[in-house]
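Report on the structure given below.
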2 protein chains.
Amino acid sequence: MAQVKVFVTLKPTLLDAQGRVVQNALNSLGYAEVGQVRIGKLIEMEVSGEPAQIGERVREMCDKLLANPVIEDYRFVIDESAEVGQ
Amino acid sequence: MAQVKVFVTLKPTLLDAQGRVVQNALNSLGYAEVGQVRIGKLIEMEVSGEPAQIGERVREMCDKLLANPVIEDYRFVIDESAEVGQ
């Protein structure tokens, strides 16, 4: 059982309205040192199977469901040493 | 200028309804190898200032605005080598 972390982020050329709101809120709270803020998703999954195949399967999952390839980029890390649920 | 990545996740004891929906969707699509799915936030920020102080300030931001400490955990990494916007 591997622990997979998928990071989904808006493509850099797109305006991140939610991030802009958070940036303004932080600046208003006195954190003037905060510049651009961008907000993405972190998806943590337990995945079983042959270690060599997990990467390919996770890439498929990202393309089909987890990310919108038109507006989002994704990357993922697979931690095969994770003893999930044991 | 440092690049700070904040990872906000629901506390492990809480039911992640959104993650459950994604898990069911993946299983329905034929990815039976996917077990528990949990969904969190990834917040990427450009932060300026003295390197030694950034960690403390970011912790404050998390407690005040970026995470809800009642139901969420957070952790963050600071990449001081990031030449953001240069």
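Each chain of the structure tokens is named A, B, ... in the order shown, its residues numbered from 1; ligands are numbered from 1 in display order.
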
Could the residues of chain A within 10 Å of chain B, counting only C-alpha atoms, be given as a tab-separated table (two decimals) with all heavy atoms, in the first residue's frame, please?
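Dumped everything to iface.tsv:
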chain	number	residue	atom	x	y	z
A	1	MET	N	0.86	-1.20	0.00
A	1	MET	CA	0.00	0.00	0.00
A	1	MET	C	0.89	1.24	0.00
A	1	MET	O	1.74	1.40	0.86
A	1	MET	CB	-0.88	-0.02	1.25
A	1	MET	CG	-1.87	1.12	1.32
A	1	MET	SD	-3.32	0.84	0.33
A	1	MET	CE	-4.34	-0.15	1.43
A	2	ALA	N	0.69	2.10	-0.97
A	2	ALA	CA	1.48	3.33	-1.05
A	2	ALA	C	0.60	4.53	-0.70
A	2	ALA	O	-0.61	4.51	-0.92
A	2	ALA	CB	2.05	3.49	-2.45
A	3	GLN	N	1.25	5.52	-0.15
A	3	GLN	CA	0.57	6.79	0.11
A	3	GLN	C	0.95	7.73	-1.03
A	3	GLN	O	2.13	7.99	-1.27
A	3	GLN	CB	1.05	7.35	1.45
A	3	GLN	CG	0.48	8.71	1.82
A	3	GLN	CD	-0.92	8.63	2.39
A	3	GLN	OE1	-1.39	7.56	2.76
A	3	GLN	NE2	-1.61	9.76	2.46
A	4	VAL	N	-0.06	8.21	-1.76
A	4	VAL	CA	0.20	9.09	-2.90
A	4	VAL	C	-0.32	10.48	-2.56
A	4	VAL	O	-1.44	10.63	-2.08
A	4	VAL	CB	-0.52	8.56	-4.17
A	4	VAL	CG1	-0.28	9.50	-5.34
A	4	VAL	CG2	-0.05	7.16	-4.49
A	5	LYS	N	0.53	11.47	-2.79
A	5	LYS	CA	0.10	12.86	-2.61
A	5	LYS	C	0.08	13.53	-3.97
A	5	LYS	O	1.10	13.56	-4.66
A	5	LYS	CB	1.08	13.62	-1.71
A	5	LYS	CG	1.03	13.23	-0.25
A	5	LYS	CD	1.94	14.16	0.54
A	5	LYS	CE	2.48	13.53	1.80
A	5	LYS	NZ	1.52	13.31	2.85
A	6	VAL	N	-1.08	14.07	-4.34
A	6	VAL	CA	-1.23	14.77	-5.62
A	6	VAL	C	-1.40	16.26	-5.33
A	6	VAL	O	-2.21	16.64	-4.48
A	6	VAL	CB	-2.46	14.25	-6.39
A	6	VAL	CG1	-2.58	14.96	-7.73
A	6	VAL	CG2	-2.39	12.75	-6.58
A	7	PHE	N	-0.61	17.07	-6.01
A	7	PHE	CA	-0.69	18.52	-5.84
A	7	PHE	C	-1.27	19.10	-7.13
A	7	PHE	O	-0.67	18.95	-8.20
A	7	PHE	CB	0.69	19.12	-5.59
A	7	PHE	CG	1.42	18.48	-4.44
A	7	PHE	CD1	2.29	17.43	-4.65
A	7	PHE	CD2	1.21	18.93	-3.15
A	7	PHE	CE1	2.96	16.83	-3.59
A	7	PHE	CE2	1.88	18.34	-2.08
A	7	PHE	CZ	2.75	17.29	-2.30
A	8	VAL	N	-2.42	19.72	-7.02
A	8	VAL	CA	-3.08	20.29	-8.20
A	8	VAL	C	-3.05	21.81	-8.07
A	8	VAL	O	-3.52	22.36	-7.06
A	8	VAL	CB	-4.55	19.80	-8.30
A	8	VAL	CG1	-5.22	20.40	-9.52
A	8	VAL	CG2	-4.59	18.29	-8.35
A	9	THR	N	-2.47	22.46	-9.06
A	9	THR	CA	-2.37	23.93	-9.00
A	9	THR	C	-2.91	24.54	-10.29
A	9	THR	O	-2.84	23.93	-11.35
A	9	THR	CB	-0.91	24.36	-8.82
A	9	THR	OG1	-0.12	23.74	-9.83
A	9	THR	CG2	-0.37	23.97	-7.47
A	19	GLY	N	-6.77	33.10	-4.45
A	19	GLY	CA	-5.47	33.48	-3.91
A	19	GLY	C	-5.35	34.98	-3.72
A	19	GLY	O	-4.77	35.45	-2.73
A	22	VAL	N	-7.09	35.94	-0.55
A	22	VAL	CA	-6.30	35.59	0.64
A	22	VAL	C	-5.13	36.55	0.80
A	22	VAL	O	-4.81	36.98	1.91
A	22	VAL	CB	-5.81	34.12	0.54
A	22	VAL	CG1	-4.78	33.80	1.61
A	22	VAL	CG2	-6.99	33.16	0.65
A	23	GLN	N	-4.50	36.90	-0.31
A	23	GLN	CA	-3.39	37.86	-0.25
A	23	GLN	C	-3.87	39.19	0.34
A	23	GLN	O	-3.23	39.76	1.23
A	23	GLN	CB	-2.82	38.08	-1.65
A	23	GLN	CG	-1.67	39.10	-1.65
A	23	GLN	CD	-1.20	39.44	-3.07
A	23	GLN	OE1	-1.57	38.76	-4.03
A	23	GLN	NE2	-0.41	40.48	-3.18
A	25	ALA	N	-6.43	39.71	2.25
A	25	ALA	CA	-6.80	39.52	3.65
A	25	ALA	C	-5.55	39.53	4.52
A	25	ALA	O	-5.52	40.16	5.59
A	25	ALA	CB	-7.57	38.21	3.82
A	26	LEU	N	-4.49	38.83	4.07
A	26	LEU	CA	-3.25	38.79	4.86
A	26	LEU	C	-2.63	40.18	4.93
A	26	LEU	O	-2.19	40.61	6.00
A	26	LEU	CB	-2.27	37.80	4.23
A	26	LEU	CG	-2.60	36.32	4.45
A	26	LEU	CD1	-1.69	35.44	3.60
A	26	LEU	CD2	-2.44	35.94	5.92
A	29	LEU	N	-4.42	42.21	7.41
A	29	LEU	CA	-4.16	41.79	8.79
A	29	LEU	C	-2.78	42.25	9.27
A	29	LEU	O	-2.40	41.96	10.40
A	29	LEU	CB	-4.25	40.27	8.91
A	29	LEU	CG	-5.66	39.67	8.92
A	29	LEU	CD1	-5.60	38.15	8.82
A	29	LEU	CD2	-6.40	40.06	10.19
A	30	GLY	N	-2.03	42.92	8.41
A	30	GLY	CA	-0.72	43.41	8.82
A	30	GLY	C	0.44	42.62	8.26
A	30	GLY	O	1.60	42.92	8.59
A	31	TYR	N	0.17	41.63	7.44
A	31	TYR	CA	1.25	40.84	6.85
A	31	TYR	C	1.60	41.43	5.48
A	31	TYR	O	1.30	40.85	4.44
A	31	TYR	CB	0.86	39.37	6.76
A	31	TYR	CG	0.55	38.78	8.11
A	31	TYR	CD1	-0.76	38.55	8.52
A	31	TYR	CD2	1.57	38.50	9.00
A	31	TYR	CE1	-1.03	38.05	9.78
A	31	TYR	CE2	1.30	38.00	10.26
A	31	TYR	CZ	0.00	37.77	10.64
A	31	TYR	OH	-0.27	37.28	11.89
A	32	ALA	N	2.24	42.59	5.52
A	32	ALA	CA	2.55	43.30	4.28
A	32	ALA	C	3.62	42.60	3.48
A	32	ALA	O	3.81	42.89	2.29
A	32	ALA	CB	3.00	44.72	4.62
A	33	GLU	N	4.33	41.67	4.10
A	33	GLU	CA	5.42	40.97	3.40
A	33	GLU	C	4.93	39.88	2.46
A	33	GLU	O	5.74	39.28	1.74
A	33	GLU	CB	6.41	40.37	4.41
A	33	GLU	CG	5.88	39.16	5.18
A	33	GLU	CD	5.26	39.53	6.51
A	33	GLU	OE1	4.54	40.55	6.57
A	33	GLU	OE2	5.51	38.80	7.50
A	34	VAL	N	3.63	39.65	2.46
A	34	VAL	CA	3.09	38.59	1.61
A	34	VAL	C	2.80	39.13	0.22
A	34	VAL	O	2.07	40.11	0.06
A	34	VAL	CB	1.81	37.98	2.23
A	34	VAL	CG1	1.21	36.94	1.29
A	34	VAL	CG2	2.12	37.37	3.58
A	35	GLY	N	3.42	38.50	-0.77
A	35	GLY	CA	3.16	38.86	-2.16
A	35	GLY	C	2.14	37.90	-2.75
A	35	GLY	O	1.18	37.54	-2.10
A	36	GLN	N	2.41	37.48	-3.96
A	36	GLN	CA	1.42	36.64	-4.65
A	36	GLN	C	1.07	35.37	-3.85
A	36	GLN	O	1.96	34.69	-3.34
A	36	GLN	CB	1.95	36.24	-6.02
A	36	GLN	CG	0.96	35.41	-6.81
A	36	GLN	CD	1.40	35.15	-8.23
A	36	GLN	OE1	0.82	35.64	-9.17
A	36	GLN	NE2	2.45	34.37	-8.40
A	37	VAL	N	-0.21	35.09	-3.78
A	37	VAL	CA	-0.69	33.87	-3.14
A	37	VAL	C	-1.46	33.07	-4.19
A	37	VAL	O	-2.27	33.62	-4.92
A	37	VAL	CB	-1.63	34.18	-1.95
A	37	VAL	CG1	-2.19	32.90	-1.35
A	37	VAL	CG2	-0.91	35.00	-0.89
A	38	ARG	N	-1.18	31.78	-4.25
A	38	ARG	CA	-1.93	30.90	-5.16
A	38	ARG	C	-2.39	29.69	-4.38
A	38	ARG	O	-1.66	29.15	-3.55
A	38	ARG	CB	-1.10	30.50	-6.37
A	38	ARG	CG	-0.75	31.72	-7.24
A	38	ARG	CD	-0.03	31.35	-8.50
A	38	ARG	NE	-0.88	30.75	-9.51
A	38	ARG	CZ	-1.65	31.43	-10.35
A	38	ARG	NH1	-1.68	32.74	-10.32
A	38	ARG	NH2	-2.39	30.80	-11.24
A	39	ILE	N	-3.62	29.26	-4.65
A	39	ILE	CA	-4.21	28.19	-3.86
A	39	ILE	C	-4.52	27.00	-4.74
A	39	ILE	O	-5.10	27.14	-5.81
A	39	ILE	CB	-5.48	28.72	-3.14
A	39	ILE	CG1	-5.05	29.82	-2.17
A	39	ILE	CG2	-6.22	27.59	-2.43
A	39	ILE	CD1	-6.14	30.38	-1.35
A	40	GLY	N	-4.08	25.86	-4.29
A	40	GLY	CA	-4.32	24.63	-5.03
A	40	GLY	C	-4.89	23.56	-4.12
A	40	GLY	O	-5.28	23.83	-2.99
A	41	LYS	N	-4.92	22.35	-4.64
A	41	LYS	CA	-5.47	21.24	-3.88
A	41	LYS	C	-4.37	20.23	-3.57
A	41	LYS	O	-3.44	20.04	-4.35
A	41	LYS	CB	-6.55	20.52	-4.71
A	41	LYS	CG	-7.91	21.14	-4.57
A	41	LYS	CD	-8.93	20.41	-5.41
A	41	LYS	CE	-8.67	20.60	-6.89
A	41	LYS	NZ	-9.74	20.04	-7.74
A	42	LEU	N	-4.52	19.62	-2.42
A	42	LEU	CA	-3.63	18.53	-2.00
A	42	LEU	C	-4.52	17.31	-1.82
A	42	LEU	O	-5.44	17.33	-1.01
A	42	LEU	CB	-2.95	18.90	-0.68
A	42	LEU	CG	-2.32	17.77	0.12
A	42	LEU	CD1	-1.17	17.14	-0.65
A	42	LEU	CD2	-1.82	18.28	1.46
A	43	ILE	N	-4.29	16.28	-2.61
A	43	ILE	CA	-5.11	15.07	-2.54
A	43	ILE	C	-4.24	13.92	-2.06
A	43	ILE	O	-3.23	13.59	-2.71
A	43	ILE	CB	-5.71	14.74	-3.92
A	43	ILE	CG1	-6.53	15.93	-4.43
A	43	ILE	CG2	-6.58	13.48	-3.86
A	43	ILE	CD1	-6.90	15.83	-5.90
A	44	GLU	N	-4.58	13.37	-0.91
A	44	GLU	CA	-3.82	12.26	-0.34
A	44	GLU	C	-4.62	10.98	-0.52
A	44	GLU	O	-5.79	10.91	-0.13
A	44	GLU	CB	-3.55	12.50	1.15
A	44	GLU	CG	-2.65	13.71	1.40
A	44	GLU	CD	-2.51	14.04	2.86
A	44	GLU	OE1	-3.52	14.00	3.59
A	44	GLU	OE2	-1.38	14.34	3.30
A	45	MET	N	-4.00	9.98	-1.12
A	45	MET	CA	-4.72	8.74	-1.42
A	45	MET	C	-3.90	7.54	-0.97
A	45	MET	O	-2.68	7.52	-1.11
A	45	MET	CB	-4.92	8.58	-2.94
A	45	MET	CG	-5.61	9.72	-3.61
A	45	MET	SD	-6.08	9.31	-5.32
A	45	MET	CE	-4.46	9.18	-6.09
A	46	GLU	N	-4.59	6.52	-0.49
A	46	GLU	CA	-3.97	5.21	-0.28
A	46	GLU	C	-4.20	4.41	-1.55
A	46	GLU	O	-5.34	4.25	-2.00
A	46	GLU	CB	-4.63	4.49	0.89
A	46	GLU	CG	-4.44	5.17	2.23
A	46	GLU	CD	-5.24	4.50	3.34
A	46	GLU	OE1	-5.86	3.46	3.07
A	46	GLU	OE2	-5.26	5.05	4.45
A	47	VAL	N	-3.12	3.92	-2.16
A	47	VAL	CA	-3.25	3.15	-3.40
A	47	VAL	C	-2.48	1.85	-3.25
A	47	VAL	O	-1.31	1.85	-2.87
A	47	VAL	CB	-2.69	3.96	-4.60
A	47	VAL	CG1	-2.89	3.18	-5.89
A	47	VAL	CG2	-3.36	5.32	-4.70
A	48	SER	N	-3.13	0.76	-3.57
A	48	SER	CA	-2.45	-0.54	-3.54
A	48	SER	C	-2.06	-0.94	-4.95
A	48	SER	O	-2.49	-0.32	-5.92
A	48	SER	CB	-3.35	-1.61	-2.90
A	48	SER	OG	-4.56	-1.70	-3.62
A	49	GLY	N	-1.25	-1.97	-5.05
A	49	GLY	CA	-0.86	-2.44	-6.38
A	49	GLY	C	0.65	-2.50	-6.53
A	49	GLY	O	1.40	-2.19	-5.62
A	54	ILE	N	1.82	2.03	-10.16
A	54	ILE	CA	1.03	3.05	-9.46
A	54	ILE	C	1.17	4.41	-10.14
A	54	ILE	O	0.19	5.12	-10.33
A	54	ILE	CB	1.47	3.13	-7.97
A	54	ILE	CG1	0.99	1.87	-7.24
A	54	ILE	CG2	0.90	4.36	-7.31
A	54	ILE	CD1	1.35	1.84	-5.77
A	57	ARG	N	-1.03	4.67	-13.21
A	57	ARG	CA	-2.45	4.70	-12.85
A	57	ARG	C	-2.83	6.06	-12.24
A	57	ARG	O	-3.89	6.61	-12.54
A	57	ARG	CB	-2.76	3.58	-11.85
A	57	ARG	CG	-2.58	2.19	-12.40
A	57	ARG	CD	-3.74	1.73	-13.23
A	57	ARG	NE	-4.87	1.31	-12.41
A	57	ARG	CZ	-6.02	0.88	-12.93
A	57	ARG	NH1	-6.18	0.83	-14.24
A	57	ARG	NH2	-7.02	0.52	-12.14
A	58	VAL	N	-1.96	6.58	-11.40
A	58	VAL	CA	-2.26	7.86	-10.77
A	58	VAL	C	-2.29	8.97	-11.82
A	58	VAL	O	-3.14	9.87	-11.78
A	58	VAL	CB	-1.25	8.18	-9.65
A	58	VAL	CG1	-1.41	9.62	-9.16
A	58	VAL	CG2	-1.41	7.22	-8.49
A	60	GLU	N	-3.23	8.65	-14.87
A	60	GLU	CA	-4.56	8.50	-15.51
A	60	GLU	C	-5.66	9.13	-14.66
A	60	GLU	O	-6.52	9.85	-15.18
A	60	GLU	CB	-4.89	7.01	-15.66
A	60	GLU	CG	-4.45	6.34	-16.94
A	60	GLU	CD	-4.95	4.90	-16.97
A	60	GLU	OE1	-6.09	4.64	-16.52
A	60	GLU	OE2	-4.17	4.06	-17.40
A	61	MET	N	-5.61	8.85	-13.36
A	61	MET	CA	-6.64	9.39	-12.47
A	61	MET	C	-6.64	10.91	-12.50
A	61	MET	O	-7.68	11.56	-12.50
A	61	MET	CB	-6.38	8.94	-11.02
A	61	MET	CG	-6.53	7.46	-10.78
A	61	MET	SD	-6.14	7.08	-9.04
A	61	MET	CE	-5.47	5.43	-9.22
A	64	LYS	N	-8.15	12.14	-15.77
A	64	LYS	CA	-9.58	11.87	-15.92
A	64	LYS	C	-10.44	12.59	-14.90
A	64	LYS	O	-11.57	12.97	-15.20
A	64	LYS	CB	-9.85	10.36	-15.77
A	64	LYS	CG	-9.47	9.54	-16.98
A	64	LYS	CD	-10.01	8.12	-16.81
A	64	LYS	CE	-9.48	7.20	-17.88
A	64	LYS	NZ	-9.83	5.80	-17.61
A	65	LEU	N	-9.94	12.71	-13.68
A	65	LEU	CA	-10.84	13.17	-12.61
A	65	LEU	C	-10.24	14.22	-11.68
A	65	LEU	O	-10.89	15.20	-11.33
A	65	LEU	CB	-11.29	11.96	-11.77
A	65	LEU	CG	-12.31	12.29	-10.69
A	65	LEU	CD1	-13.71	12.32	-11.27
A	65	LEU	CD2	-12.25	11.30	-9.54
A	66	LEU	N	-8.99	14.00	-11.28
A	66	LEU	CA	-8.49	14.81	-10.16
A	66	LEU	C	-8.11	16.22	-10.56
A	66	LEU	O	-8.17	17.14	-9.74
A	66	LEU	CB	-7.30	14.10	-9.50
A	66	LEU	CG	-7.60	12.70	-8.94
A	66	LEU	CD1	-6.35	12.08	-8.37
A	66	LEU	CD2	-8.68	12.77	-7.87
A	84	VAL	N	0.27	2.18	5.34
A	84	VAL	CA	-1.03	2.80	5.59
A	84	VAL	C	-2.01	1.78	6.13
A	84	VAL	O	-2.15	0.70	5.58
A	84	VAL	CB	-1.57	3.40	4.27
A	84	VAL	CG1	-2.92	4.05	4.52
A	84	VAL	CG2	-0.59	4.42	3.74
A	85	GLY	N	-2.64	2.14	7.20
A	85	GLY	CA	-3.70	1.29	7.73
A	85	GLY	C	-3.21	-0.03	8.30
A	85	GLY	O	-3.98	-0.98	8.40

Mind doing a quick least-squares superposition of chain A onto chain B, all C-alpha atoms paired one-to-one in order, and writing it out as an mmCIF file with C-alpha atoms, in the first residue's frame?
data_model
loop_
_atom_site.group_PDB
_atom_site.id
_atom_site.type_symbol
_atom_site.label_atom_id
_atom_site.label_comp_id
_atom_site.auth_asym_id
_atom_site.auth_seq_id
_atom_site.Cartn_x
_atom_site.Cartn_y
_atom_site.Cartn_z
ATOM 1 C CA MET A 1 11.946 36.627 -1.196
ATOM 2 C CA ALA A 2 11.015 33.120 -0.097
ATOM 3 C CA GLN A 3 8.478 30.778 -1.579
ATOM 4 C CA VAL A 4 6.335 29.292 1.189
ATOM 5 C CA LYS A 5 4.119 26.260 0.677
ATOM 6 C CA VAL A 6 1.441 25.653 3.309
ATOM 7 C CA PHE A 7 -0.353 22.305 3.415
ATOM 8 C CA VAL A 8 -3.685 22.382 5.225
ATOM 9 C CA THR A 9 -5.366 19.059 5.934
ATOM 10 C CA LEU A 10 -8.455 18.002 7.820
ATOM 11 C CA LYS A 11 -7.621 16.401 11.162
ATOM 12 C CA PRO A 12 -7.309 12.627 10.737
ATOM 13 C CA THR A 13 -10.186 11.829 13.083
ATOM 14 C CA LEU A 14 -12.696 13.827 11.046
ATOM 15 C CA LEU A 15 -14.731 12.432 8.172
ATOM 16 C CA ASP A 16 -13.629 13.953 4.882
ATOM 17 C CA ALA A 17 -16.857 13.926 2.875
ATOM 18 C CA GLN A 18 -15.242 15.432 -0.227
ATOM 19 C CA GLY A 19 -12.507 12.814 -0.122
ATOM 20 C CA ARG A 20 -15.072 10.058 0.215
ATOM 21 C CA VAL A 21 -16.877 11.311 -2.887
ATOM 22 C CA VAL A 22 -13.618 11.338 -4.856
ATOM 23 C CA GLN A 23 -12.768 7.845 -3.614
ATOM 24 C CA ASN A 24 -16.165 6.542 -4.757
ATOM 25 C CA ALA A 25 -15.782 8.261 -8.121
ATOM 26 C CA LEU A 26 -12.325 6.735 -8.666
ATOM 27 C CA ASN A 27 -13.564 3.285 -7.637
ATOM 28 C CA SER A 28 -16.504 3.650 -10.054
ATOM 29 C CA LEU A 29 -14.127 4.601 -12.857
ATOM 30 C CA GLY A 30 -12.314 1.292 -12.388
ATOM 31 C CA TYR A 31 -9.595 2.337 -9.966
ATOM 32 C CA ALA A 32 -10.426 -0.273 -7.353
ATOM 33 C CA GLU A 33 -6.936 0.007 -5.874
ATOM 34 C CA VAL A 34 -7.713 3.393 -4.378
ATOM 35 C CA GLY A 35 -8.459 3.340 -0.671
ATOM 36 C CA GLN A 36 -8.981 6.295 1.600
ATOM 37 C CA VAL A 37 -8.796 9.686 -0.089
ATOM 38 C CA ARG A 38 -8.412 12.927 1.845
ATOM 39 C CA ILE A 39 -8.432 16.380 0.327
ATOM 40 C CA GLY A 40 -6.645 19.405 1.659
ATOM 41 C CA LYS A 41 -5.396 22.763 0.521
ATOM 42 C CA LEU A 42 -2.042 23.789 -0.867
ATOM 43 C CA ILE A 43 -1.307 27.492 -0.396
ATOM 44 C CA GLU A 44 1.735 28.903 -2.186
ATOM 45 C CA MET A 45 2.875 32.344 -1.084
ATOM 46 C CA GLU A 46 5.715 34.718 -1.884
ATOM 47 C CA VAL A 47 6.949 36.137 1.419
ATOM 48 C CA SER A 48 9.705 38.679 1.895
ATOM 49 C CA GLY A 49 11.591 39.457 5.067
ATOM 50 C CA GLU A 50 14.305 38.116 7.293
ATOM 51 C CA PRO A 51 14.590 34.366 6.762
ATOM 52 C CA ALA A 52 14.646 33.721 10.504
ATOM 53 C CA GLN A 53 11.324 35.486 11.028
ATOM 54 C CA ILE A 54 9.384 34.071 8.115
ATOM 55 C CA GLY A 55 8.581 30.812 9.901
ATOM 56 C CA GLU A 56 7.089 32.535 12.906
ATOM 57 C CA ARG A 57 5.071 34.943 10.770
ATOM 58 C CA VAL A 58 3.742 32.146 8.576
ATOM 59 C CA ARG A 59 2.715 30.183 11.666
ATOM 60 C CA GLU A 60 0.739 33.223 12.817
ATOM 61 C CA MET A 61 -0.915 33.544 9.417
ATOM 62 C CA CYS A 62 -1.948 29.889 9.545
ATOM 63 C CA ASP A 63 -3.438 30.213 13.012
ATOM 64 C CA LYS A 64 -5.288 33.422 12.175
ATOM 65 C CA LEU A 65 -6.479 32.914 8.638
ATOM 66 C CA LEU A 66 -5.143 30.089 6.531
ATOM 67 C CA ALA A 67 -6.243 27.116 8.625
ATOM 68 C CA ASN A 68 -9.033 26.469 11.072
ATOM 69 C CA PRO A 69 -7.157 25.004 14.053
ATOM 70 C CA VAL A 70 -10.319 23.393 15.406
ATOM 71 C CA ILE A 71 -10.680 21.005 12.485
ATOM 72 C CA GLU A 72 -7.488 21.344 10.444
ATOM 73 C CA ASP A 73 -3.790 20.632 10.785
ATOM 74 C CA TYR A 74 -1.181 22.504 8.821
ATOM 75 C CA ARG A 75 2.476 22.297 8.017
ATOM 76 C CA PHE A 76 4.620 24.437 5.781
ATOM 77 C CA VAL A 77 7.949 24.497 3.999
ATOM 78 C CA ILE A 78 9.972 27.600 3.268
ATOM 79 C CA ASP A 79 12.152 27.662 0.195
ATOM 80 C CA GLU A 80 14.460 30.609 0.730
ATOM 81 C CA SER A 81 16.389 29.942 -2.431
ATOM 82 C CA ALA A 82 13.368 30.742 -4.575
ATOM 83 C CA GLU A 83 14.078 33.735 -6.749
ATOM 84 C CA VAL A 84 10.452 34.639 -7.028
ATOM 85 C CA GLY A 85 9.574 37.298 -9.506
ATOM 86 C CA GLN A 86 13.157 38.048 -10.425
#

List every residue of chain B that DSSP, applied to the backbone, labels as strand (DSSP E), and write the result as a PyMOL selection string. chain B and resi 2-10+34-47+72-79

Could you give me the residues within chain A that DSSP places in alpha helix (DSSP H), as an MDAnalysis selection string? chainID A and resid 17:28 51:61
